[in-house]
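First the structure, in the form of structure tokens, and then the observations on it.
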Amino acid sequence: MYGVCFHVVRQTAGLKASRLLQHRAFRVGAVQRQQPFDSTLEKPQFPGASAEFVDQLEFIQPNVISGIPVYRVMDRQGNIINPSQDPQLSKETVLNFYQKMTLLNTMDRILYESQRQGRISFYMTNYGEEGTHIGSAAALDPTDIVFGQYREAGVLMYRGFPLDLFMAQCYANADDLGKGRQMPVHYGSKDLNFVTISSPLATQIPQAAGAAYALKRENMNRAVICYFGEGAASEGDAHAGFNFSATLECPLIFFCRNNGYAISTPTNEQYRGDGIAARGPGYGMLSIRVDGNDVFAVYNATKEARRRAVAENQPFLIEAMTYRIGHHSTSDDSSAYRSVDEVNYWDKQDHPISRLRHYMTARGWWSEDDERSWRKQSRKTVMEAFERAEKRLKPNVELMFTDVYQEMTPGLNKQRESMWRHVQQYKEHYPLDLYDK
């Protein structure tokens with residue numbers, strides 16, 4: 001009896017379902033007959049992109065002929081091109097820009113020669129790129145976090161890092177904040193929110209994305225700026241950092257110094273697209289290309305990017321077009337891959353320092369006497385710091401075993417004891433009186 005009832009109920013349910021489907025099909029068919037299908041009104045529903053359908057086969061051509069324009073405020077003679085773009089900075093601020101740029105230049109020359117004389121092991125100059133450092137640093141808040149590559153000494157100098165600590169780091173003496181563990185020019189300062197530089201290319205880019213995401217979650221109205229060169233933008237870490245920052249909506253400024261060369265590789269061998277700024281839209285980032293030899297253009301672009309990054313929680317990409325006048329480092333001889341005439345053009349005709357000097361001179365803010373006096377004073381200041389650094393002792397030898405674990409591990413203790421036995425056995429080769437006790 002139970003089986004018969006179950007069969008009848010199932011048949012009844014099946015008939016109802018069938019009639020319902022027929023009714024729905026009739027209604028859909030009626031709608032389709034009333035509104036003929038128009039394929040031109042159909043919109044793509046794919047979750048991975050927002051676009052329109054087209055019926056012509058066409059590949060997207062990269063625009064490398066006209067390209068993204070280069071924003072500038074001053075021409076090469078220091079004249080303001082569009083008065084509405086003049087940042088209207090005070091005389092004191094502009095003089096500070098100029099003095100920091102020239103002080104950096106002076107420090108570079110002295111430390112470069114120091115390496116050539118065998119006094120330090122390595123050095124990298126910033127010749128020709130001073131405008132990118134000072135213009136961007138001035139537009140930031142002191143609480144903003146900086147991730148540098150290795151050619152951003154001017155950013156740290158603008159924030160107040162003293163000459164004595166620059167020298168201490170390059171000489172790896174007892175005053176070095178890094179305790180002598182890093183090679184020269186790998187600066188860092190916790191007090192100035194400047195994350196210590198590391199040699200491997202582009203590792204700072206995803207790290208900066210993580211730091212910016214943390215600031216966003218803390219709602220602190222702070223931003224992160226991450227510096228890198230166009231060569232580092234070819235690293236996989238650049239893709240990861242760009243994509244993370246865009247999808248996580250981080251208050252981050254990516255600042256690319258496109259100086260023409262990745263060590264010896266020129267840009268025409270580094271990429272085929274329209275530079276680095278053109279990559280921004282592909283990641284959903286707002287981008288701009290600026291004249292990196294125009295300190296005001298760099299300042300304006302960075303200031304606006306910083307304001308919007310914090311207000312809107314989104315990353316920005318700035319590509320500063322400039323030129324590396326010096327060798328890549330003291331390990332490089334750039335005459336092997338570029339001409340003297342090429343370098344001289346940028347050094348003599350389109351230098352960020354000379355451009356700003358033209359601007360100041362035209363306003364009566366700077367004279368030949370001011371120039372001679374400042375050059376003499378700045379060289380004296382750098383040389384005094386240089387001499388103090390040379391006289392300081394090296395860091396305590398014990399420091400090579402600290403700052404990794406809170407308490408010394410058995411393995412480290414064993415290494416430490418082995419080191420001291422070796423030093424005692426060959427003490428004539430280890431002048432411990434040169435090391436801090």
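Here's how to read the names in the structure tokens: chain A, B, ... by the order shown, residue numbers from 1 in each chain, ligand numbers from 1 in the order shown.
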
Exercise for review: Identify, on the basis of only C-alpha atoms, every residue whose closest approach to stretch 115-117 of chain A does not exceed 12 Å; exclude the query and any residue fewer than 3 positions from it along the same chain; express the result as a list in words.
Suggested key: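 Using only C-alpha atoms, the neighbours found are Asp108, Arg109, Ile110, Leu111, Tyr112, Ile120, Ser121, Phe122, Tyr123, Met124, Thr125, Cys170, Tyr171, Pro184, Val185, Ser329, Thr330 and Ser331 of chain A.
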
Review point. What's the 12 Å shell around A:Pro87, counting only C-alpha atoms, without same-chain residues fewer than 5 positions away, as a PyMOL selection string?
Key: chain A and resi 72-74+80+82+93-94+135+138-139+295-301+303-304

Check your understanding: stretch 226-236 of chain A: which residues within 9 Å, counting only C-alpha atoms, same-chain residues fewer than 3 positions away excluded, as a ChimeraX atom specification?
Key -> /A:145-152,201-205,208-209,239-241,252-263,265,267,270-271,275-276,319

Point to revise | Residues flagged helix (DSSP H, G or I) by DSSP in stretch 132-313 of chain A, as number ranges by chain | key: A: 132-138, 153-158, 163-171, 204-218, 232-234, 236-247, 267-270, 277-283, 295-312

Check your understanding: In terms of the shortest atom-to-atom distance over only C-alpha atoms, which of A:Thr106, A:Ser90, A:Asp38, A:Glu129 is closest to A:Met383?
Key ->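 Closest residue, counting only C-alpha atoms: A:Thr106.
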